[in-house]
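All remarks here apply to the structure that follows.
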Amino acid sequence: MAIEILLPRLGRTMEQAVIVAVHVQVGQKVCKGQVLADIETDKAAMQIESPADGTIGAVLVEPPVTLPVDTPLFVLTEDGRPINPERLEKLKQQVQTARERILEPAAPLAHSVSPADLLRIPETPSLIRPQEAVEAFQTSGAVAPAQFKPGKKVPFTRWQAVVAQRMLLSKRQIPCFYLNLQADVTELTQLRDTFKKQGNNLSYNDFLLKAAAVSLRRYPILTGRLGTDTIELAPQIDIGLAVASEQGVVAPVLRAVDTLSLSQISAAVEDLVTRARRNALRPEDLDGGSMTISNLGGYGIDSFIPIVIPGQTSILGVGRIREQCVPDGSQIQIRKRMTLTLSVDHRIVNGAEAAQFLDHIKKMLEHPQELLDNP
């Protein structure tokens with residue numbers, strides 16, 4: 001019996017993907033769950049696994065190639081018998097026809113760009129990677145440095161092209177304003193150290209996510225999305241967290257964060273970060289979200305201005321924790337402070353609303369016990 005392995009639809013909006021690598025060859029025995037190929041969609045890099053044990057009877061694609069969903073990629077045989085030549089030729093013709101159905105590469109971005117335009121990205125983009133693409137999806141946590149060498153040409157992946165397009169769209173079409181303040185996180189660092197001694201290794205990102213979620217619940221306008229003639233508020237509080245991975249920087253989304261405890265947030269973050277760095281995120285992991293948190297404090301950055309991701313309302317840039325001398329009457333205290341910078345879509349949120357929201361995050365971080373008590 002032969003099984004045709006098709007390019008799966010891994011998300012509601014997925015129409016095509018780039019086959020970037022094939023890891024098997026004809027005649028090779030494979031096990032169920034074994035990785036057969038790496039693919040890139042407009043959302044993320046993912047892998048295709050074998051649905052059963054068997055022998056690879058045919059490899060129908062040669063990477064890199066862009067194909068629509070449901071295109072046959074491999075034929076898996078359970079008994080190792082050769083595939084009928086007529087059937088094999090028919091499958092090869094299907095692949096060729098599928099390639100011809102792929103849209104022509106998009107022209108460079110004009111002054112007005114629709115979200116659908118972001119899906120029409122050439123297989124080998126000729127775009128120049130704008131600095132915005134680097135700044136927007138800032139990293140969370142350390143990863144191995146990229147193997148860049150002077151004079152080397154770095155391949156421009158489909159994901160990088162998507163990020164570049166979206167950041168250019170953001171800068172052109174989303175009128176942002178920016179707010180920043182410093183939060184005194186002395187108590188937060190002490191609380192985190194206490195947890196650490198007890199074996200509960202909560203990260204600062206866990207507290208930031210919880211503080212942002214509680215604040216979004218109090219100021220739901222920050223969850224808004226611009227409709228035709230309305231502002232649509234999100235039904236639940238979903239927040240993205242920027243994560244550095246081998247494919248670039250991605251921002252997987254945590255769901256209903258305000259309903260989670262700090263321990264539950266920590267577990268969810270660990271799962272998303274692990275899968276992001278294994279290029280194992282699903283399209284739904286990157287959909288939606290009202291805002292994103294981007295923390296560069298681990299890299300010694302004091303503060304920075306991040307770029308709002310299209311489809312979201314704001315993004316919070318987090319700097320490192322610094323010790324500062326603070327007057328206290330006639331005394332001087334050494335306190336630990338963290339700079340928070342909020343970028344906001346001014347079409348949805350006004351300055352007063354954003355200021356109250358950011359101030360509420362600050363108060364949550366300065367009184368972290370409230371985050372523990374908050375359901």
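Convention: chains lettered A, B, ... in structure tokens order; per-chain residue numbering from 1; ligands numbered from 1 as shown.
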
Practice problem: as a ChimeraX atom specification, please: all residues of range 127-256 of chain A that backbone DSSP puts in strand (DSSP E). | Solution: /A:176-184,225-226,231-232,239-241,243-245,248-250,253-254

Writer output for current selection, C-alpha atoms, as a tab-separated table (two decimals), in the first residue's frame:
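Generated output (out_19.tsv):
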```tsv
chain	number	residue	atom	x	y	z
A	176	CYS	CA	2.26	55.63	16.59
A	177	PHE	CA	3.15	57.65	19.63
A	178	TYR	CA	5.57	56.59	22.32
A	179	LEU	CA	5.58	56.73	26.11
A	180	ASN	CA	8.30	55.73	28.53
A	181	LEU	CA	8.80	55.63	32.27
A	182	GLN	CA	10.85	53.85	34.91
A	183	ALA	CA	9.47	51.25	37.26
A	184	ASP	CA	11.06	50.58	40.64
A	225	ARG	CA	-8.55	46.36	16.53
A	226	LEU	CA	-9.57	48.89	13.89
A	231	ILE	CA	-13.00	49.57	17.21
A	232	GLU	CA	-13.38	45.87	17.95
A	239	ILE	CA	-0.14	38.70	24.42
A	240	GLY	CA	2.87	37.98	22.22
A	241	LEU	CA	6.40	37.55	23.53
A	243	VAL	CA	11.72	35.25	21.05
A	244	ALA	CA	15.03	34.86	19.24
A	245	SER	CA	15.31	31.68	17.18
A	248	GLY	CA	15.00	35.03	13.14
A	249	VAL	CA	12.91	36.70	15.81
A	250	VAL	CA	9.33	35.52	16.22
A	253	VAL	CA	1.18	34.48	21.42
A	254	LEU	CA	0.08	33.36	24.89
```

Exercise. Could you find all residues in range 141-327 of chain A that DSSP calls alpha helix (DSSP H) from the backbone, and write them as an MDAnalysis selection string?
Key: chainID A and resid 158:173 186:197 204:218 262:277

Next, write the just-selected residues to a file, as a PDB file, in the first residue's frame, keeping C-alpha atoms as the atom set.
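Resulting contents of result-v9.pdb:
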```
ATOM      1  CA  ARG A 158      10.790  33.853   3.385  1.00  0.00           C
ATOM      2  CA  TRP A 159      10.241  34.638   7.055  1.00  0.00           C
ATOM      3  CA  GLN A 160      12.653  37.567   6.901  1.00  0.00           C
ATOM      4  CA  ALA A 161      10.799  38.843   3.850  1.00  0.00           C
ATOM      5  CA  VAL A 162       7.484  38.648   5.700  1.00  0.00           C
ATOM      6  CA  VAL A 163       8.920  40.492   8.710  1.00  0.00           C
ATOM      7  CA  ALA A 164      10.415  43.167   6.470  1.00  0.00           C
ATOM      8  CA  GLN A 165       7.125  43.693   4.646  1.00  0.00           C
ATOM      9  CA  ARG A 166       5.115  43.892   7.840  1.00  0.00           C
ATOM     10  CA  MET A 167       7.459  46.342   9.499  1.00  0.00           C
ATOM     11  CA  LEU A 168       7.429  48.559   6.437  1.00  0.00           C
ATOM     12  CA  LEU A 169       3.636  48.373   6.467  1.00  0.00           C
ATOM     13  CA  SER A 170       3.639  49.315  10.155  1.00  0.00           C
ATOM     14  CA  LYS A 171       5.882  52.356   9.665  1.00  0.00           C
ATOM     15  CA  ARG A 172       3.850  53.586   6.708  1.00  0.00           C
ATOM     16  CA  GLN A 173       0.301  52.959   7.874  1.00  0.00           C
ATOM     17  CA  THR A 186      13.411  46.402  43.813  1.00  0.00           C
ATOM     18  CA  GLU A 187      10.611  44.404  45.458  1.00  0.00           C
ATOM     19  CA  LEU A 188      10.125  42.399  42.273  1.00  0.00           C
ATOM     20  CA  THR A 189      13.770  41.314  42.184  1.00  0.00           C
ATOM     21  CA  GLN A 190      13.593  40.338  45.857  1.00  0.00           C
ATOM     22  CA  LEU A 191      10.409  38.331  45.282  1.00  0.00           C
ATOM     23  CA  ARG A 192      11.905  36.594  42.259  1.00  0.00           C
ATOM     24  CA  ASP A 193      15.036  35.703  44.257  1.00  0.00           C
ATOM     25  CA  THR A 194      12.820  34.209  46.975  1.00  0.00           C
ATOM     26  CA  PHE A 195      11.012  32.059  44.434  1.00  0.00           C
ATOM     27  CA  LYS A 196      14.322  31.012  42.931  1.00  0.00           C
ATOM     28  CA  LYS A 197      15.597  29.754  46.292  1.00  0.00           C
ATOM     29  CA  TYR A 204      11.006  38.679  34.633  1.00  0.00           C
ATOM     30  CA  ASN A 205       9.053  38.044  31.436  1.00  0.00           C
ATOM     31  CA  ASP A 206       6.523  36.011  33.439  1.00  0.00           C
ATOM     32  CA  PHE A 207       5.884  38.984  35.715  1.00  0.00           C
ATOM     33  CA  LEU A 208       5.781  41.390  32.756  1.00  0.00           C
ATOM     34  CA  LEU A 209       3.214  39.253  30.946  1.00  0.00           C
ATOM     35  CA  LYS A 210       1.027  39.021  34.032  1.00  0.00           C
ATOM     36  CA  ALA A 211       1.290  42.764  34.723  1.00  0.00           C
ATOM     37  CA  ALA A 212       0.395  43.585  31.117  1.00  0.00           C
ATOM     38  CA  ALA A 213      -2.536  41.145  31.140  1.00  0.00           C
ATOM     39  CA  VAL A 214      -4.010  42.579  34.349  1.00  0.00           C
ATOM     40  CA  SER A 215      -3.590  46.084  32.934  1.00  0.00           C
ATOM     41  CA  LEU A 216      -5.228  45.139  29.620  1.00  0.00           C
ATOM     42  CA  ARG A 217      -8.183  43.786  31.561  1.00  0.00           C
ATOM     43  CA  ARG A 218      -8.478  47.150  33.331  1.00  0.00           C
ATOM     44  CA  LEU A 262       2.470  33.107  37.238  1.00  0.00           C
ATOM     45  CA  SER A 263       3.441  29.426  37.304  1.00  0.00           C
ATOM     46  CA  GLN A 264       1.085  28.680  34.416  1.00  0.00           C
ATOM     47  CA  ILE A 265       2.477  31.629  32.467  1.00  0.00           C
ATOM     48  CA  SER A 266       6.006  30.384  33.116  1.00  0.00           C
ATOM     49  CA  ALA A 267       5.133  26.909  31.795  1.00  0.00           C
ATOM     50  CA  ALA A 268       3.409  28.348  28.711  1.00  0.00           C
ATOM     51  CA  VAL A 269       6.372  30.610  27.983  1.00  0.00           C
ATOM     52  CA  GLU A 270       8.827  27.735  28.347  1.00  0.00           C
ATOM     53  CA  ASP A 271       6.798  25.656  25.886  1.00  0.00           C
ATOM     54  CA  LEU A 272       6.563  28.442  23.293  1.00  0.00           C
ATOM     55  CA  VAL A 273      10.227  29.427  23.585  1.00  0.00           C
ATOM     56  CA  THR A 274      11.357  25.801  23.271  1.00  0.00           C
ATOM     57  CA  ARG A 275       9.235  25.216  20.187  1.00  0.00           C
ATOM     58  CA  ALA A 276      10.258  28.565  18.671  1.00  0.00           C
ATOM     59  CA  ARG A 277      13.936  27.654  18.928  1.00  0.00           C
TER      60      ARG A 277
END
```

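With only C-alpha atoms as the atoms that count, the residue of A:Leu7, A:Gly351, A:Asp345, A:Asp79 with the shortest distance to Glu49 in chain A is A:Leu7.
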
Quiz item: From the list A:Gly27, A:Gly297, A:Pro68, A:Gly57, which residue is nearest Ile83 in chain A when using only C-alpha atoms?
Solution: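 Of A:Gly27, A:Gly297, A:Pro68, A:Gly57, the one nearest Ile83 in chain A is A:Gly57, counting only C-alpha atoms.
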